[in-house]
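Okay, final27.pdb is below, PDB, C-alpha atoms:
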ATOM      1  CA  MET P   1       0.000   0.000   0.000
ATOM      2  CA  ILE P   2       1.430   3.381  -1.000
ATOM      3  CA  VAL P   3       1.061   6.128   1.569
ATOM      4  CA  GLY P   4       0.753   9.601   0.042
ATOM      5  CA  GLU P   5       3.720  11.938  -0.407
ATOM      6  CA  ARG P   6       2.430  14.395   2.212
ATOM      7  CA  LEU P   7       1.839  11.777   4.896
ATOM      8  CA  SER P   8       5.188  10.039   4.358
ATOM      9  CA  ASN P   9       6.996  13.391   4.426
ATOM     10  CA  PHE P  10       5.252  14.165   7.718
ATOM     11  CA  LEU P  11       7.464  11.581   9.445
ATOM     12  CA  ARG P  12      10.712  13.101   8.179
ATOM     13  CA  LEU P  13       9.635  16.721   8.746
ATOM     14  CA  GLY P  14       8.337  15.901  12.235
ATOM     15  CA  VAL P  15      11.634  14.480  13.509
ATOM     16  CA  ILE P  16      13.655  17.256  11.842
ATOM     17  CA  THR P  17      11.465  19.840  13.614
ATOM     18  CA  GLY P  18      12.044  17.999  16.889
ATOM     19  CA  LEU P  19      15.817  18.005  16.346
ATOM     20  CA  VAL P  20      15.831  21.730  15.526
ATOM     21  CA  ILE P  21      13.895  22.530  18.729
ATOM     22  CA  LEU P  22      16.259  20.254  20.687
ATOM     23  CA  ALA P  23      19.284  22.060  19.217
ATOM     24  CA  ALA P  24      17.762  25.434  20.129
ATOM     25  CA  GLY P  25      17.220  24.133  23.667
ATOM     26  CA  LEU P  26      20.857  23.037  23.953
ATOM     27  CA  VAL P  27      22.130  26.394  22.697
ATOM     28  CA  LEU P  28      19.877  28.247  25.142
ATOM     29  CA  SER P  29      20.962  25.978  28.023
ATOM     30  CA  SER P  30      24.639  26.472  27.206
ATOM     31  CA  ILE P  31      24.281  30.270  27.433
ATOM     32  CA  GLY P  32      22.519  29.880  30.776
ATOM     33  CA  ALA P  33      18.921  30.563  29.723
ATOM     34  CA  ASN P  34      16.305  28.664  31.743
ATOM     35  CA  LEU P  35      14.126  28.441  28.666
ATOM     36  CA  GLY P  36      16.577  25.903  27.220
ATOM     37  CA  TYR P  37      15.290  23.114  29.439
ATOM     38  CA  TYR P  38      11.715  23.620  28.179
ATOM     39  CA  PHE P  39      12.870  23.685  24.568
ATOM     40  CA  GLU P  40      14.724  20.392  25.110
ATOM     41  CA  ASN P  41      11.569  18.782  26.530
ATOM     42  CA  VAL P  42       9.423  20.104  23.682
ATOM     43  CA  GLY P  43      12.014  18.721  21.233
ATOM     44  CA  PHE P  44      11.767  15.277  22.860
ATOM     45  CA  MET P  45       7.969  15.428  22.750
ATOM     46  CA  VAL P  46       7.927  16.385  19.074
ATOM     47  CA  ILE P  47      10.305  13.499  18.201
ATOM     48  CA  MET P  48       8.324  10.944  20.236
ATOM     49  CA  GLY P  49       5.005  12.363  19.066
ATOM     50  CA  THR P  50       5.856  12.193  15.349
ATOM     51  CA  PRO P  51       5.286   8.432  14.765
ATOM     52  CA  ILE P  52       2.292   8.520  17.117
ATOM     53  CA  SER P  53       0.727  11.470  15.245
ATOM     54  CA  PHE P  54       1.513   9.687  11.975
ATOM     55  CA  LEU P  55      -0.575   6.724  13.160
ATOM     56  CA  ALA P  56      -3.477   9.007  14.081
ATOM     57  CA  LEU P  57      -3.310  10.748  10.677
ATOM     58  CA  LEU P  58      -3.062   7.406   8.873
ATOM     59  CA  SER P  59      -6.108   6.149  10.731
ATOM     60  CA  VAL P  60      -8.170   9.209   9.682
ATOM     61  CA  LYS P  61      -6.918   8.988   6.079
ATOM     62  CA  GLU P  62      -7.736   5.284   5.757
ATOM     63  CA  LEU P  63     -11.159   5.799   7.341
ATOM     64  CA  ARG P  64     -11.916   8.523   4.785
ATOM     65  CA  GLU P  65     -10.810   6.244   1.964
ATOM     66  CA  GLY P  66     -12.965   3.413   3.292
ATOM     67  CA  ASP P  67     -10.223   1.051   4.556
ATOM     68  CA  ARG P  68     -11.670   0.288   7.960
ATOM     69  CA  GLU P  69      -9.231  -2.549   8.657
ATOM     70  CA  ILE P  70      -6.061  -0.420   8.578
ATOM     71  CA  SER P  71      -7.854   2.421  10.351
ATOM     72  CA  SER P  72      -9.038   0.239  13.241
ATOM     73  CA  LEU P  73      -5.626  -1.463  13.541
ATOM     74  CA  ALA P  74      -3.976   1.976  13.825
ATOM     75  CA  ILE P  75      -6.484   3.022  16.477
ATOM     76  CA  ALA P  76      -5.896  -0.243  18.394
ATOM     77  CA  THR P  77      -2.128   0.395  18.374
ATOM     78  CA  LEU P  78      -2.655   3.954  19.630
ATOM     79  CA  LEU P  79      -5.016   2.764  22.372
ATOM     80  CA  ILE P  80      -2.605   0.092  23.594
ATOM     81  CA  MET P  81       0.261   2.593  23.643
ATOM     82  CA  ALA P  82      -1.836   5.101  25.587
ATOM     83  CA  LEU P  83      -3.182   2.494  28.028
ATOM     84  CA  SER P  84       0.261   1.049  28.741
ATOM     85  CA  VAL P  85       1.684   4.502  29.434
ATOM     86  CA  VAL P  86      -1.215   5.350  31.768
ATOM     87  CA  ILE P  87      -0.727   2.061  33.641
ATOM     88  CA  SER P  88       3.041   2.574  33.891
ATOM     89  CA  LEU P  89       2.531   6.048  35.362
ATOM     90  CA  ARG P  90       0.743   4.588  38.394
TER
ATOM     91  CA  MET M   1      35.397  25.169  23.574
ATOM     92  CA  SER M   2      32.509  24.274  25.881
ATOM     93  CA  MET M   3      32.140  20.737  27.246
ATOM     94  CA  VAL M   4      28.704  20.356  25.626
ATOM     95  CA  LEU M   5      30.071  21.236  22.187
ATOM     96  CA  MET M   6      33.016  18.841  22.588
ATOM     97  CA  LYS M   7      30.682  16.032  23.663
ATOM     98  CA  PHE M   8      28.378  16.807  20.737
ATOM     99  CA  ILE M   9      31.241  16.651  18.223
ATOM    100  CA  GLU M  10      32.556  13.386  19.736
ATOM    101  CA  VAL M  11      29.088  11.790  19.605
ATOM    102  CA  MET M  12      28.384  13.106  16.102
ATOM    103  CA  PHE M  13      31.555  11.564  14.670
ATOM    104  CA  SER M  14      30.747   8.268  16.412
ATOM    105  CA  GLY M  15      27.300   8.561  14.810
ATOM    106  CA  VAL M  16      28.828   8.926  11.334
ATOM    107  CA  GLY M  17      30.771   5.686  11.944
ATOM    108  CA  ILE M  18      27.663   3.882  13.189
ATOM    109  CA  GLY M  19      25.661   5.128  10.191
ATOM    110  CA  LEU M  20      28.355   3.869   7.802
ATOM    111  CA  ILE M  21      28.518   0.398   9.406
ATOM    112  CA  SER M  22      24.717   0.181   9.659
ATOM    113  CA  ALA M  23      24.305   0.944   5.973
ATOM    114  CA  ILE M  24      26.950  -1.583   4.886
ATOM    115  CA  ALA M  25      25.885  -4.362   7.241
ATOM    116  CA  GLY M  26      22.167  -3.652   6.809
ATOM    117  CA  ILE M  27      21.435  -3.415  10.514
ATOM    118  CA  GLY M  28      19.948  -0.791  12.801
ATOM    119  CA  GLY M  29      22.229   1.515  14.754
ATOM    120  CA  GLY M  30      20.901   0.677  18.223
ATOM    121  CA  THR M  31      22.945  -2.503  18.635
ATOM    122  CA  LEU M  32      26.106  -0.432  18.106
ATOM    123  CA  MET M  33      25.062   2.786  19.834
ATOM    124  CA  VAL M  34      24.453   1.436  23.344
ATOM    125  CA  PRO M  35      27.700  -0.616  23.678
ATOM    126  CA  LEU M  36      29.661   2.365  22.265
ATOM    127  CA  MET M  37      28.099   4.737  24.783
ATOM    128  CA  VAL M  38      28.627   2.382  27.740
ATOM    129  CA  LEU M  39      32.024   0.863  26.927
ATOM    130  CA  ILE M  40      33.788   3.755  25.160
ATOM    131  CA  LEU M  41      32.044   6.988  26.203
ATOM    132  CA  GLY M  42      31.442   5.773  29.795
ATOM    133  CA  ILE M  43      27.761   6.749  29.873
ATOM    134  CA  ASN M  44      25.312   5.168  32.336
ATOM    135  CA  VAL M  45      23.606   2.193  30.682
ATOM    136  CA  LYS M  46      20.068   3.446  31.361
ATOM    137  CA  VAL M  47      20.820   6.898  29.878
ATOM    138  CA  ALA M  48      22.476   5.170  26.898
ATOM    139  CA  ILE M  49      19.404   2.964  26.304
ATOM    140  CA  ALA M  50      16.983   5.898  26.649
ATOM    141  CA  SER M  51      18.966   8.165  24.321
ATOM    142  CA  SER M  52      19.439   5.359  21.791
ATOM    143  CA  LEU M  53      15.663   4.807  21.578
ATOM    144  CA  LEU M  54      15.009   8.467  20.800
ATOM    145  CA  THR M  55      17.717   8.466  18.138
ATOM    146  CA  ILE M  56      16.150   5.353  16.597
ATOM    147  CA  ILE M  57      12.841   7.223  16.150
ATOM    148  CA  VAL M  58      14.706   9.816  14.054
ATOM    149  CA  THR M  59      16.561   7.300  11.881
ATOM    150  CA  SER M  60      13.476   5.097  11.432
ATOM    151  CA  ALA M  61      11.304   8.072  10.411
ATOM    152  CA  SER M  62      13.867   9.075   7.831
ATOM    153  CA  SER M  63      14.156   5.644   6.208
ATOM    154  CA  SER M  64      10.533   4.553   6.525
ATOM    155  CA  SER M  65       9.226   7.744   4.894
ATOM    156  CA  VAL M  66      10.977   6.534   1.729
ATOM    157  CA  TYR M  67       9.684   2.957   2.125
ATOM    158  CA  LEU M  68       6.133   4.232   2.743
ATOM    159  CA  ARG M  69       6.206   6.389  -0.376
ATOM    160  CA  GLU M  70       7.425   3.445  -2.444
ATOM    161  CA  GLY M  71       4.685   1.190  -1.052
ATOM    162  CA  LEU M  72       7.134  -1.328   0.421
ATOM    163  CA  VAL M  73       5.682  -1.248   3.944
ATOM    164  CA  ASN M  74       3.005  -3.860   4.563
ATOM    165  CA  LEU M  75       0.757  -1.726   6.780
ATOM    166  CA  LYS M  76      -1.585  -4.590   7.639
ATOM    167  CA  VAL M  77       1.278  -6.717   8.993
ATOM    168  CA  ALA M  78       2.932  -3.732  10.722
ATOM    169  CA  LEU M  79      -0.222  -2.593  12.477
ATOM    170  CA  THR M  80      -1.261  -6.133  13.439
ATOM    171  CA  LEU M  81       2.107  -6.829  15.071
ATOM    172  CA  GLU M  82       2.625  -3.363  16.556
ATOM    173  CA  PRO M  83       0.169  -3.479  19.514
ATOM    174  CA  THR M  84       1.959  -6.449  21.131
ATOM    175  CA  THR M  85       5.353  -5.036  20.115
ATOM    176  CA  ALA M  86       4.525  -1.709  21.810
ATOM    177  CA  LEU M  87       3.297  -3.573  24.870
ATOM    178  CA  GLY M  88       6.587  -5.501  24.942
ATOM    179  CA  ALA M  89       8.634  -2.291  24.551
ATOM    180  CA  ILE M  90       6.835  -0.606  27.432
ATOM    181  CA  SER M  91       7.241  -3.726  29.642
ATOM    182  CA  GLY M  92      10.939  -3.894  28.729
ATOM    183  CA  ALA M  93      11.470  -0.216  29.561
ATOM    184  CA  ILE M  94       9.722  -0.577  32.927
ATOM    185  CA  LEU M  95      11.849  -3.653  33.689
ATOM    186  CA  THR M  96      15.113  -1.865  32.836
ATOM    187  CA  ILE M  97      14.217   1.205  34.902
ATOM    188  CA  GLY M  98      13.371  -0.984  37.898
ATOM    189  CA  LEU M  99      16.658  -2.921  37.809
ATOM    190  CA  PRO M 100      19.995  -1.632  39.185
ATOM    191  CA  SER M 101      22.394  -0.374  36.466
ATOM    192  CA  TYR M 102      24.993  -3.145  36.991
ATOM    193  CA  ILE M 103      22.364  -5.835  36.432
ATOM    194  CA  VAL M 104      21.072  -3.997  33.336
ATOM    195  CA  GLU M 105      24.644  -4.006  31.963
ATOM    196  CA  ARG M 106      24.890  -7.765  32.408
ATOM    197  CA  VAL M 107      21.430  -8.451  30.984
ATOM    198  CA  PHE M 108      22.331  -6.209  28.049
ATOM    199  CA  GLY M 109      25.598  -8.123  27.633
ATOM    200  CA  ALA M 110      23.697 -11.423  27.500
ATOM    201  CA  GLY M 111      21.225  -9.861  25.056
ATOM    202  CA  LEU M 112      24.073  -8.713  22.805
ATOM    203  CA  VAL M 113      25.591 -12.203  22.741
ATOM    204  CA  ALA M 114      22.167 -13.626  21.779
ATOM    205  CA  ILE M 115      21.675 -10.949  19.088
ATOM    206  CA  SER M 116      25.139 -11.575  17.628
ATOM    207  CA  MET M 117      24.414 -15.314  17.458
ATOM    208  CA  LEU M 118      21.110 -14.564  15.717
ATOM    209  CA  MET M 119      22.965 -12.347  13.252
ATOM    210  CA  LEU M 120      25.508 -15.086  12.558
ATOM    211  CA  LEU M 121      22.628 -17.476  11.965
ATOM    212  CA  ARG M 122      20.996 -15.011   9.558
ATOM    213  CA  ILE M 123      24.173 -14.722   7.505
ATOM    214  CA  PHE M 124      23.956 -18.419   6.692
ATOM    215  CA  THR M 125      20.145 -18.619   6.375
ATOM    216  CA  LYS M 126      18.655 -18.042   2.964
ATOM    217  CA  PRO M 127      15.793 -15.509   3.217
ATOM    218  CA  LYS M 128      12.403 -16.310   1.716
ATOM    219  CA  VAL M 129      11.746 -14.201  -1.339
ATOM    220  CA  SER M 130       8.026 -14.639  -1.797
ATOM    221  CA  GLY M 131       5.041 -16.161  -0.157
ATOM    222  CA  GLU M 132       1.591 -15.611   1.303
ATOM    223  CA  VAL M 133       1.544 -14.150   4.808
ATOM    224  CA  LYS M 134       0.718 -16.868   7.323
ATOM    225  CA  HIS M 135       1.178 -17.844  11.011
ATOM    226  CA  TRP M 136      -0.337 -14.551  12.211
ATOM    227  CA  PHE M 137      -0.685 -15.805  15.787
ATOM    228  CA  TRP M 138       2.992 -16.713  16.112
ATOM    229  CA  GLY M 139       3.925 -13.415  14.523
ATOM    230  CA  VAL M 140       1.861 -11.435  17.015
ATOM    231  CA  PHE M 141       3.056 -13.565  19.954
ATOM    232  CA  SER M 142       6.768 -13.376  19.158
ATOM    233  CA  SER M 143       6.535  -9.647  18.395
ATOM    234  CA  PHE M 144       6.035  -9.068  22.107
ATOM    235  CA  PHE M 145       9.585 -10.331  22.717
ATOM    236  CA  ALA M 146      10.981  -8.237  19.850
ATOM    237  CA  GLY M 147       9.360  -5.203  21.480
ATOM    238  CA  MET M 148      10.651  -6.215  24.880
ATOM    239  CA  SER M 149      14.228  -6.425  23.574
ATOM    240  CA  SER M 150      13.795  -2.945  22.092
ATOM    241  CA  GLY M 151      12.506  -1.406  25.325
ATOM    242  CA  MET M 152      15.044  -3.237  27.492
ATOM    243  CA  PHE M 153      18.180  -2.740  25.400
ATOM    244  CA  GLY M 154      17.505   0.497  23.484
ATOM    245  CA  ILE M 155      17.642  -1.213  20.103
ATOM    246  CA  GLY M 156      15.158  -1.021  17.241
ATOM    247  CA  GLY M 157      14.479  -4.741  17.410
ATOM    248  CA  GLY M 158      14.724  -5.204  13.637
ATOM    249  CA  VAL M 159      17.198  -8.025  14.270
ATOM    250  CA  LEU M 160      14.221 -10.018  15.652
ATOM    251  CA  LYS M 161      11.364  -8.456  13.676
ATOM    252  CA  VAL M 162      12.806  -9.200  10.232
ATOM    253  CA  PRO M 163      13.297 -12.971  10.883
ATOM    254  CA  ILE M 164       9.844 -13.152  12.519
ATOM    255  CA  MET M 165       8.184 -11.600   9.466
ATOM    256  CA  ASN M 166      10.350 -13.337   6.869
ATOM    257  CA  LEU M 167      10.932 -16.807   8.326
ATOM    258  CA  VAL M 168       7.813 -17.257  10.498
ATOM    259  CA  MET M 169       5.188 -15.262   8.589
ATOM    260  CA  ASP M 170       6.591 -15.775   5.071
ATOM    261  CA  LEU M 171       6.678 -12.064   4.227
ATOM    262  CA  PRO M 172       9.141 -11.414   1.356
ATOM    263  CA  ILE M 173      12.496 -10.171   2.706
ATOM    264  CA  LYS M 174      12.311  -6.729   1.027
ATOM    265  CA  GLU M 175       8.860  -6.122   2.500
ATOM    266  CA  ALA M 176       9.953  -7.500   5.890
ATOM    267  CA  VAL M 177      12.900  -5.066   6.064
ATOM    268  CA  ALA M 178      10.721  -2.078   5.061
ATOM    269  CA  THR M 179       7.896  -3.061   7.421
ATOM    270  CA  SER M 180      10.343  -3.590  10.274
ATOM    271  CA  SER M 181      11.938  -0.193   9.592
ATOM    272  CA  PHE M 182       8.504   1.445   9.927
ATOM    273  CA  MET M 183       7.613  -0.531  13.074
ATOM    274  CA  VAL M 184      10.957   0.237  14.749
ATOM    275  CA  GLY M 185      10.031   3.942  15.057
ATOM    276  CA  LEU M 186       6.675   3.172  16.662
ATOM    277  CA  THR M 187       8.212   0.635  19.052
ATOM    278  CA  ALA M 188      11.012   3.003  20.025
ATOM    279  CA  ALA M 189       8.458   5.781  20.622
ATOM    280  CA  SER M 190       6.526   3.519  23.008
ATOM    281  CA  GLY M 191       9.637   2.639  25.018
ATOM    282  CA  SER M 192      11.101   6.133  25.011
ATOM    283  CA  ILE M 193       7.958   7.660  26.541
ATOM    284  CA  ILE M 194       8.684   5.660  29.725
ATOM    285  CA  TYR M 195      12.376   6.638  29.785
ATOM    286  CA  SER M 196      11.696  10.327  29.131
ATOM    287  CA  LEU M 197       9.137  10.401  31.941
ATOM    288  CA  LYS M 198      11.991   9.276  34.210
ATOM    289  CA  LYS M 199      14.247  12.041  32.769
ATOM    290  CA  LEU M 200      16.796   9.523  31.492
ATOM    291  CA  VAL M 201      17.255  10.970  27.986
ATOM    292  CA  ASP M 202      20.399  13.022  27.277
ATOM    293  CA  PRO M 203      19.669  15.719  24.618
ATOM    294  CA  VAL M 204      23.339  16.009  23.531
ATOM    295  CA  LEU M 205      23.506  12.265  22.809
ATOM    296  CA  VAL M 206      20.244  12.287  20.824
ATOM    297  CA  LEU M 207      21.196  15.326  18.758
ATOM    298  CA  GLY M 208      24.792  14.172  18.241
ATOM    299  CA  PHE M 209      23.930  10.637  17.151
ATOM    300  CA  ALA M 210      20.995  11.725  14.970
ATOM    301  CA  SER M 211      23.145  14.340  13.196
ATOM    302  CA  GLY M 212      25.894  11.774  12.642
ATOM    303  CA  ILE M 213      23.976   8.626  11.746
ATOM    304  CA  LEU M 214      21.810  10.159   8.992
ATOM    305  CA  PRO M 215      24.693  11.444   6.797
ATOM    306  CA  GLY M 216      26.803   8.392   7.750
ATOM    307  CA  ALA M 217      24.119   5.991   6.516
ATOM    308  CA  THR M 218      23.649   7.959   3.283
ATOM    309  CA  LEU M 219      27.404   7.966   2.695
ATOM    310  CA  GLY M 220      27.619   4.226   3.454
ATOM    311  CA  ALA M 221      24.775   3.356   1.097
ATOM    312  CA  LYS M 222      26.159   5.464  -1.758
ATOM    313  CA  SER M 223      29.906   4.943  -1.688
ATOM    314  CA  LEU M 224      30.554   1.478  -0.326
ATOM    315  CA  LYS M 225      28.445  -0.712  -2.580
ATOM    316  CA  GLY M 226      31.470  -2.741  -3.663
ATOM    317  CA  ILE M 227      32.173  -4.116  -0.205
ATOM    318  CA  LYS M 228      30.883  -7.617   0.471
ATOM    319  CA  SER M 229      28.306  -7.111   3.207
ATOM    320  CA  LYS M 230      28.495 -10.789   4.231
ATOM    321  CA  TYR M 231      32.011 -10.349   5.640
ATOM    322  CA  ILE M 232      31.111  -7.004   7.235
ATOM    323  CA  LYS M 233      28.138  -8.687   8.918
ATOM    324  CA  LEU M 234      30.393 -11.496  10.130
ATOM    325  CA  ILE M 235      32.970  -9.074  11.571
ATOM    326  CA  PHE M 236      30.218  -6.935  13.069
ATOM    327  CA  SER M 237      28.565  -9.976  14.743
ATOM    328  CA  LEU M 238      31.898 -10.980  16.277
ATOM    329  CA  ILE M 239      32.518  -7.424  17.558
ATOM    330  CA  LEU M 240      29.036  -7.425  19.088
ATOM    331  CA  MET M 241      29.709 -10.780  20.727
ATOM    332  CA  TYR M 242      32.964  -9.418  22.180
ATOM    333  CA  ALA M 243      31.156  -6.307  23.512
ATOM    334  CA  GLY M 244      28.441  -8.524  25.012
ATOM    335  CA  ILE M 245      30.977 -10.759  26.768
ATOM    336  CA  LYS M 246      32.852  -7.679  28.053
ATOM    337  CA  LEU M 247      29.628  -6.326  29.541
ATOM    338  CA  LEU M 248      28.779  -9.714  31.030
ATOM    339  CA  LEU M 249      32.103 -10.049  32.855
TER
END
Translate this structure into structure tokens?
Amino acid sequence: MIVGERLSNFLRLGVITGLVILAAGLVLSSIGANLGYYFENVGFMVIMGTPISFLALLSVKELREGDREISSLAIATLLIMALSVVISLR
Amino acid sequence: MSMVLMKFIEVMFSGVGIGLISAIAGIGGGTLMVPLMVLILGINVKVAIASSLLTIIVTSASSSSVYLREGLVNLKVALTLEPTTALGAISGAILTIGLPSYIVERVFGAGLVAISMLMLLRIFTKPKVSGEVKHWFWGVFSSFFAGMSSGMFGIGGGVLKVPIMNLVMDLPIKEAVATSSFMVGLTAASGSIIYSLKKLVDPVLVLGFASGILPGATLGAKSLKGIKSKYIKLIFSLILMYAGIKLLL
């Protein structure tokens, strides 16, 4: 199955954005700005969130195109990931 | 020159080397990154594992975006195996965080020895080139352990996922590699959430490795096509085995 150009580029652009934010955070931290720490955390979140957001977008796209199987499998993966994280936080 | 910049440069150059070897040997960088960080850079094993997982998300996203565009990723197989893989990754991460660092080092050492033996086995096993996907249950079941190895050791887990999909489920090797590459990012994301919640990720390591591995892998894929990957894989497996034994002792 071919995933569209825009959706496949989302993965690459997402992690690059995360790396840029992370780099900005490191620069800010090295010059002593407190903001650097927050930038670093946002960078981590963007990197980790990219494949997860990709799954959510894929699920919506496949649902629109009528492929319920792929869409529901993507939702199941997202649910299990979310549930496991919630359980591990306890 | 500041310490952070020096560390970044050191890690980035190591990343270029890892990217080169990964591209030639056709393996993920995680199996090299963690031993390098622990044995050579002297970084705590849990920080090394956590940072490796985040770097893997970056490298997987980069390669799988190409595979997805070319239609090589079997989304049905990936998304059927991913729930148990993610569950395994999260369990593995929780297990590693709960264990003392010296035990994690030894468990990781044992894991490396097992992975290197699996790699040696793969060198001499002929991959299946075509077939109808079957044995779904065994695929889903064994994916849990592939995910667990990823979460526990900070590796992508492709070393287990590819044989599961190719040898157990009969997915053609090209599709298995592409599907595994896509899954690796999702699995690493699941595991890294747990590590980042515990503040174990080092931003310099992630940025340094990611900036090194991506150009290193491109360079390796483009310029070293003449090298026989079978011998590289053999040497690489033996190095991994040595690193595993060193961590075990």
Could the residues of chain M within 6 Å of chain P, counting all atoms listed in the file, be given as a list in words, please?
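My answer is Val58, Ala61, Ser62, Ser65, Leu68, Arg69, Gly71, Leu79, Pro83, Leu186 and Ala189 of chain M.
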Contact residues around M:Leu36 with all atoms listed in the file at 12 Å, ignoring same-chain residues under 5 positions, as a PyMOL selection string:
chain M and resi 10-11+14-15+17-18+29-31+41-45+48-49+52+205+209+239-240+243-244+247
Please evaluate the PyMOL selection byres ((chain M and resi 54) around 10) against the structure above and give the resulting residues as a ChimeraX atom specification.
/P:44,47-48 /M:49-53,55-59,154,185,188-189,191-193,195-196,201-203,205-207,209-210
Record the distance separating atom CA of P:Leu28 and atom CA of M:Phe8, expressed in Å with one decimal.
14.9 Å
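Evaluated against the shown file, the PyMOL selection byres ((chain M and resi 84) around 10) gives Thr77, Ile80 and Met81 of chain P; Leu79, Thr80, Leu81, Glu82, Pro83, Thr85, Ala86, Leu87, Gly88, Ala89, Ile90, Gly139, Val140, Phe141, Ser142, Ser143, Phe144, Phe145, Ala146, Gly147, Met148 and Thr187 of chain M.
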Give me, please, the distance in Å between atom CA of M:Ile235 and atom CA of M:Ala217, quoted to one decimal.
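Straight-line distance from atom CA of M:Ile235 to atom CA of M:Ala217 works out to 18.2 Å.
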Do you know which residues the PyMOL selection byres ((chain M and resi 114) around 12) returns on this file, as a list in words?
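On this input, the PyMOL selection byres ((chain M and resi 114) around 12) captures Thr31, Val107, Phe108, Gly109, Ala110, Gly111, Leu112, Val113, Ile115, Ser116, Met117, Leu118, Met119, Leu120, Leu121, Ser149, Val159, Leu160, Ser237, Leu238, Leu240, Met241, Tyr242, Ala243, Gly244 and Ile245 of chain M.
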With C-alpha atoms kept, could you save the residues just selected as an mmCIF file, in the coordinates of the input?
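For reference, part_36.cif as written:
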data_model
loop_
_atom_site.group_PDB
_atom_site.id
_atom_site.type_symbol
_atom_site.label_atom_id
_atom_site.label_comp_id
_atom_site.auth_asym_id
_atom_site.auth_seq_id
_atom_site.Cartn_x
_atom_site.Cartn_y
_atom_site.Cartn_z
ATOM 1 C CA THR M 31 22.945 -2.503 18.635
ATOM 2 C CA VAL M 107 21.430 -8.451 30.984
ATOM 3 C CA PHE M 108 22.331 -6.209 28.049
ATOM 4 C CA GLY M 109 25.598 -8.123 27.633
ATOM 5 C CA ALA M 110 23.697 -11.423 27.500
ATOM 6 C CA GLY M 111 21.225 -9.861 25.056
ATOM 7 C CA LEU M 112 24.073 -8.713 22.805
ATOM 8 C CA VAL M 113 25.591 -12.203 22.741
ATOM 9 C CA ILE M 115 21.675 -10.949 19.088
ATOM 10 C CA SER M 116 25.139 -11.575 17.628
ATOM 11 C CA MET M 117 24.414 -15.314 17.458
ATOM 12 C CA LEU M 118 21.110 -14.564 15.717
ATOM 13 C CA MET M 119 22.965 -12.347 13.252
ATOM 14 C CA LEU M 120 25.508 -15.086 12.558
ATOM 15 C CA LEU M 121 22.628 -17.476 11.965
ATOM 16 C CA SER M 149 14.228 -6.425 23.574
ATOM 17 C CA VAL M 159 17.198 -8.025 14.270
ATOM 18 C CA LEU M 160 14.221 -10.018 15.652
ATOM 19 C CA SER M 237 28.565 -9.976 14.743
ATOM 20 C CA LEU M 238 31.898 -10.980 16.277
ATOM 21 C CA LEU M 240 29.036 -7.425 19.088
ATOM 22 C CA MET M 241 29.709 -10.780 20.727
ATOM 23 C CA TYR M 242 32.964 -9.418 22.180
ATOM 24 C CA ALA M 243 31.156 -6.307 23.512
ATOM 25 C CA GLY M 244 28.441 -8.524 25.012
ATOM 26 C CA ILE M 245 30.977 -10.759 26.768
#
Place a sphere of radius 10 Å on (-10.1, 8.2, 9.7) in the file coordinates and name every protein, DNA or RNA residue with an atom inside or on its surface, counting all atoms listed in the file; give the answer as a PyMOL selection string.
chain P and resi 56-68+70-72+74-75
Using atom CA of M:Ser60 and atom CA of M:Val77 as the two end points, give the distance in Å to one decimal.
17.2 Å
